[in-house]
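The structure appears below as structure tokens.
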Amino acid sequence: MSDRHLSPLLSALTALLLPCLTATAQTGIAIDHDFGDWNPAGDLATADTVGPLVAAGFTTDAENLYFHLVYDRLVALDESWEPHGTRLGVDIDGNTSTGQIVGGFQGADIVVHLQDRYVSESNTNGTTEQHSLNDRYVRMAPTYGGEEHEVSLGRAVNGVPVAGTVRWTVRCGSGQQVSGEVALDNTPALAMATPLERAEGAEVRVAFWNMNRRLDEAPALEAMGRILQAVQPDVIGMSEVEDFSAAHVRDLLDGWLPLEGGSWHVAKDDWDLMVCSRWPITTEYPDIYRQFPVLVDAPWAGDLMVAASHLKCCNGAEQRRTEADEYMAFLRDAMTEGGDVDLPSKTPVVYGGDLNMVGPGWAMQTLLTGNIHDEVANGPDFAPDWDGTALRELTCLQSDRAMDYTWRNDNSSWGAGKLDYILVQDGVVKVLREFSLETSSMTAERRTQYGLEPGDDLQASDHYIVVADLKKRDRRPGTKPVQLKKAN
Ligand SMILES: [Ca+2]
Ligand SMILES: [Ca+2]
Ligand SMILES: [Ca+2]
Ligand SMILES: [Ca+2]
């Protein structure tokens with residue numbers, strides 16, 4: 001493919017995305033904050049004028065309509081802290097005289113008002129009806145601020161026909177607009193059926209779960225038990241368990257996941273976090289605000305540090321950033337000699353939980369890169385992986401749907417989103433499997449295989465469990481086995 005006819009921006013995007021594309025085995029769009037599934041040259045059209053909106057793309061499959069949006073600044077699609085006023089319009093009946101006007105686009109039968117969080121749909125009698133984002137299956141990634149976004153819109157629920165062409169448009173508050181027309185594609189949506197069993201070679205299965213204070217509610221406990229028996233984690237970082245004792249949680253786990261000749265080990269911090277482990281917890285650091293690292297005697301050489309986290313909710317971006325700063329000061333101390341804590345070199349540290357990561361995502365940038373915001377209070381920046389690089393944010397795509405959201409409330413104006421994360425030092429551990437679990441989107445056959453009920457996900461909690469299988473790297477990260485050169 002020649003880059004000659006592409007704008008410099010598209011060339012840059014192409015260079016960025018091609019490595020991801022080649023790594024993708026299946027084709028299809030996943031709403032997962034990874035844009036390697038989009039065709040960079042074919043799907044993006046540049047905006048007509050200079051402004052916040054740089055480019056937009058559109059594609060379809062049998063299940064959804066998909067938008068790809070690129071901005072020149074950090075934007076959170078369903079929030080207004082960076083006002084962007086983006087509307088998405090679709091003309092599904094091929095008739096410009098039915099539907100609504102979106103800037104220079106006529107005939108939009110569906111208009112998604114992202115920032116104001118509603119969908120306006122036109123009826124045949126000329127009136128419009130408002131629906132919530134969740135009612136119309138509008139799904140978005142990333143949930144926190146980014147320059148690039150992907151959005152899906154359910155076809156069936158929005159009355160999109162099975163064949164024909166649709167015209168689409170993206171318009172920003174800036175007045176910038178990108179429009180196009182495509183034939184509807186009925187290729188099935190990206191098929192997902194991640195095995196819930198632990199990956200071959202996995203040494204530790206770690207999970208994080210916001211338990212929503214339901215550890216004394218019978219229906220929730222039954223659903224939790226089925227989920228944990230299906231997932232079989234070794235270590236679980238829990239949040240929203242402040243009302244319960246470590247002994248209460250230990251007894252529950254001993255019932256659900258009995259250990260031969262012993263009990264689960266449960267450590268509780270000074271507020272709403274716990275870390276539960278099949279293996280002994282040897283050291284606890286309960287004083288970090290809303291974050292709780294512990295050392296676990298993992299079945300590999302050396303220990304495993306697991307940090308359960310539950311960052312400030314909602315409109316609290318500054319506080320989340322302060323909390324991330326405080327944890328990162330601890331991690332820097334743990335990874336360097338001197339101070340209060342010294343971890344043996346290359347001790348894997350896994351951080352996760354309900355990070356409530358909405359708004360600009362400043363806290364996530366700090367957690368991933370070690371760029372501390374308040375260096376006067378928390379000390380200098382550092383590289384949070386032992387190999388001198390950033391941490392890796394796991395996608396944890398749902399096991400049975402190509403979506404990354406871990407929180408969903410169909411009665412809320414807020415779209416389903418990814419609030420629950422696992423961050424790993426991929427310089428010292430390999431991630432062999434990762435997923436979150438939405439039981440309602442599994443097939444009946446898959447649920448039977450794992451002993452799950454359709455409603456277990458939201459019966460257990462308002463957050464889904466996130467899971468990762470880890471193996472400690474046994475060679476120095478960044479080095480490759482030496483290959484013999486062929487004589488010529
Ligand atoms: Ca994607
Ligand atoms: Ca129309
Ligand atoms: Ca230290
Ligand atoms: Ca800094």
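Ordering of the structure tokens sets the chain letters (A, B, ...), residue numbers begin anew at 1 in every chain, and ligands are numbered from 1 in the order given.
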So which residues of range 300-426 of chain A fall under helix (DSSP H, G or I) by DSSP, listed as a PyMOL selection string?
chain A and resi 317-335+362-369+375-378
Who sits within 9 Å of range 364-376 of chain A, only C-alpha atoms, same chain under 5 positions skipped, as a ChimeraX atom specification
/A:144,320-322,324-329,332,355,357,381-385,389-393,423
All residues 9 Å or closer to range 46-51 of chain A, only C-alpha atoms, same chain fewer than 2 positions away omitted, as a count of residues only
17
Could you find all residues in range 182-231 of chain A that DSSP calls strand (DSSP E) from the backbone, and write them as a ChimeraX atom specification?
/A:182-183,204-210
Would you output that residue set with C-alpha atoms, as a compact mmCIF listing (two decimals), in the first residue's frame?
```txt
# COMPACT_ATOMS: atom_id res chain seq x y z
CA VAL A 182 -21.88 2.79 2.89
CA ALA A 183 -23.67 -0.41 1.92
CA VAL A 204 -1.28 -17.14 38.82
CA ARG A 205 -4.87 -16.24 37.99
CA VAL A 206 -5.60 -12.82 39.43
CA ALA A 207 -9.02 -11.17 39.54
CA PHE A 208 -10.45 -7.85 40.70
CA TRP A 209 -14.07 -7.28 41.60
CA ASN A 210 -16.19 -4.52 43.11
```
A:Leu458, A:Leu331, A:Leu259, A:Leu452 ranked by distance to ligand 3, top pick (using only C-alpha atoms and all ligand atoms):
A:Leu331
Calculated over only C-alpha atoms and all ligand atoms, which of the candidates A:Leu432, A:Leu304, A:Ala377, A:Leu153 has the smallest distance to ligand 4?
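Of all the options, A:Ala377 lies closest to ligand 4.
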Give one line per residue of chain A that approaches ligand 3 to at most 6 Å, naming the two atoms of the closest pair and their distance in Å to one decimal, counting only C-alpha atoms and all ligand atoms; sort by chain then ascending residue number and deliver it as a tab-separated table.
```
residue	atom	partner	partner_atom_place_in_ligand_line	distance
A:Asp333	CA	ligand 3	1 (Ca)	3.8
A:Ala334	CA	ligand 3	1 (Ca)	4.4
A:Met335	CA	ligand 3	1 (Ca)	5.8
A:Thr336	CA	ligand 3	1 (Ca)	4.4
A:Glu337	CA	ligand 3	1 (Ca)	4.2
A:Gly338	CA	ligand 3	1 (Ca)	4.2
A:Gly339	CA	ligand 3	1 (Ca)	4.6
A:Asp340	CA	ligand 3	1 (Ca)	5.6
A:Val341	CA	ligand 3	1 (Ca)	4.3
A:Asp342	CA	ligand 3	1 (Ca)	3.9
```
Would you put the residues from that selection into a file with N, CA and C atoms, as an mmCIF file, in the first residue's frame?
```cif
data_model
loop_
_atom_site.group_PDB
_atom_site.id
_atom_site.type_symbol
_atom_site.label_atom_id
_atom_site.label_comp_id
_atom_site.auth_asym_id
_atom_site.auth_seq_id
_atom_site.Cartn_x
_atom_site.Cartn_y
_atom_site.Cartn_z
ATOM 1 N N ASP A 333 9.139 3.782 45.690
ATOM 2 C CA ASP A 333 9.912 3.390 46.872
ATOM 3 C C ASP A 333 10.147 1.873 46.854
ATOM 4 N N ALA A 334 9.066 1.114 46.581
ATOM 5 C CA ALA A 334 9.175 -0.353 46.605
ATOM 6 C C ALA A 334 10.177 -0.855 45.573
ATOM 7 N N MET A 335 10.301 -0.148 44.453
ATOM 8 C CA MET A 335 11.154 -0.624 43.360
ATOM 9 C C MET A 335 12.573 -0.051 43.407
ATOM 10 N N THR A 336 12.833 0.832 44.381
ATOM 11 C CA THR A 336 14.183 1.397 44.488
ATOM 12 C C THR A 336 14.710 1.204 45.908
ATOM 13 N N GLU A 337 16.009 1.087 46.031
ATOM 14 C CA GLU A 337 16.622 0.845 47.337
ATOM 15 C C GLU A 337 16.491 2.067 48.228
ATOM 16 N N GLY A 338 16.307 1.818 49.525
ATOM 17 C CA GLY A 338 16.152 2.904 50.478
ATOM 18 C C GLY A 338 14.695 3.180 50.753
ATOM 19 N N GLY A 339 14.419 4.191 51.553
ATOM 20 C CA GLY A 339 13.035 4.512 51.890
ATOM 21 C C GLY A 339 12.441 3.480 52.823
ATOM 22 N N ASP A 340 11.109 3.288 52.722
ATOM 23 C CA ASP A 340 10.397 2.415 53.664
ATOM 24 C C ASP A 340 10.242 0.980 53.172
ATOM 25 N N VAL A 341 10.240 0.770 51.862
ATOM 26 C CA VAL A 341 9.926 -0.547 51.299
ATOM 27 C C VAL A 341 10.945 -0.886 50.217
ATOM 28 N N ASP A 342 11.475 -2.092 50.244
ATOM 29 C CA ASP A 342 12.359 -2.551 49.167
ATOM 30 C C ASP A 342 11.878 -3.911 48.682
#
```
Report as a VMD selection string which protein, DNA and RNA residues come within 6 Å of ligand 1, using only C-alpha atoms and all ligand atoms.
chain A and resid 29 to 35 37
Can you pull out every residue with an atom within 12 Å of ligand 2? Use only C-alpha atoms and all ligand atoms and format it as a ChimeraX atom specification.
/A:89-102,105-111,121-124,126,160,165-168
Selection to disk with C-alpha atoms, as a compact mmCIF listing (two decimals), in the first residue's frame:
```txt
# COMPACT_ATOMS: atom_id res chain seq x y z
CA GLY A 89 -26.39 10.97 12.55
CA VAL A 90 -27.60 8.05 10.44
CA ASP A 91 -30.07 8.12 7.58
CA ILE A 92 -31.35 4.55 7.59
CA ASP A 93 -34.18 4.85 5.08
CA GLY A 94 -32.17 6.50 2.32
CA ASN A 95 -34.60 9.41 2.33
CA THR A 96 -33.26 12.90 2.98
CA SER A 97 -36.76 14.25 3.57
CA THR A 98 -37.41 11.98 6.58
CA GLY A 99 -35.56 12.52 9.82
CA GLN A 100 -33.60 15.37 11.34
CA ILE A 101 -31.09 17.92 10.14
CA VAL A 102 -27.57 17.61 11.55
CA PHE A 105 -26.74 16.70 6.69
CA GLN A 106 -30.43 16.08 6.05
CA GLY A 107 -32.55 13.01 6.72
CA ALA A 108 -30.95 11.62 9.88
CA ASP A 109 -33.49 9.17 11.32
CA ILE A 110 -31.20 8.48 14.30
CA VAL A 111 -29.16 11.19 16.03
CA GLU A 121 -35.07 8.92 16.76
CA SER A 122 -37.57 10.07 14.16
CA ASN A 123 -40.97 8.41 13.80
CA THR A 124 -42.81 7.96 10.52
CA GLY A 126 -42.55 13.25 11.70
CA VAL A 160 -31.69 -0.41 10.89
CA THR A 165 -27.14 1.72 2.04
CA VAL A 166 -26.98 4.11 4.95
CA ARG A 167 -25.70 7.67 4.98
CA TRP A 168 -23.85 8.75 8.12
```
Quick check, in Å to one decimal: how far apart do CA of Val119 in chain A and CA of Cys396 in chain A lie?
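Separation between CA of Val119 in chain A and CA of Cys396 in chain A: 27.9 Å.
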Compile the contact shell of Arg214 in chain A as number ranges by chain: residues with an atom at most 9 Å away, counting only C-alpha atoms, same-chain residues fewer than 2 positions apart removed.
A: 211-212, 216-218, 220-221, 240-241, 460-461
Taking only C-alpha atoms into account, which of A:Leu190, A:Val294, A:Ala76, A:Val231 comes nearest Ser309 in chain A?
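With only C-alpha atoms as the atom set, the closest residue is A:Val294.
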Got a sec: who's within 8 Å of Lys430 in chain A, counting only C-alpha atoms, leaving out chain neighbours fewer than 2 positions off, as a PyMOL selection string?
chain A and resi 426-428+432+470-473
Skipping near chain neighbours, those fewer than 5 positions away, what residues fall within 9 Å of Gly302 in chain A using only C-alpha atoms, listed as a list in words?
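Non-adjacent residues within range: Asp297, Pro344, Lys346, Thr347 and Pro348 of chain A.
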Smallest atom-to-atom distance to ligand 4: which of A:Phe67, A:Pro380, A:Phe292, A:Asn411, using only C-alpha atoms and all ligand atoms?
A:Pro380
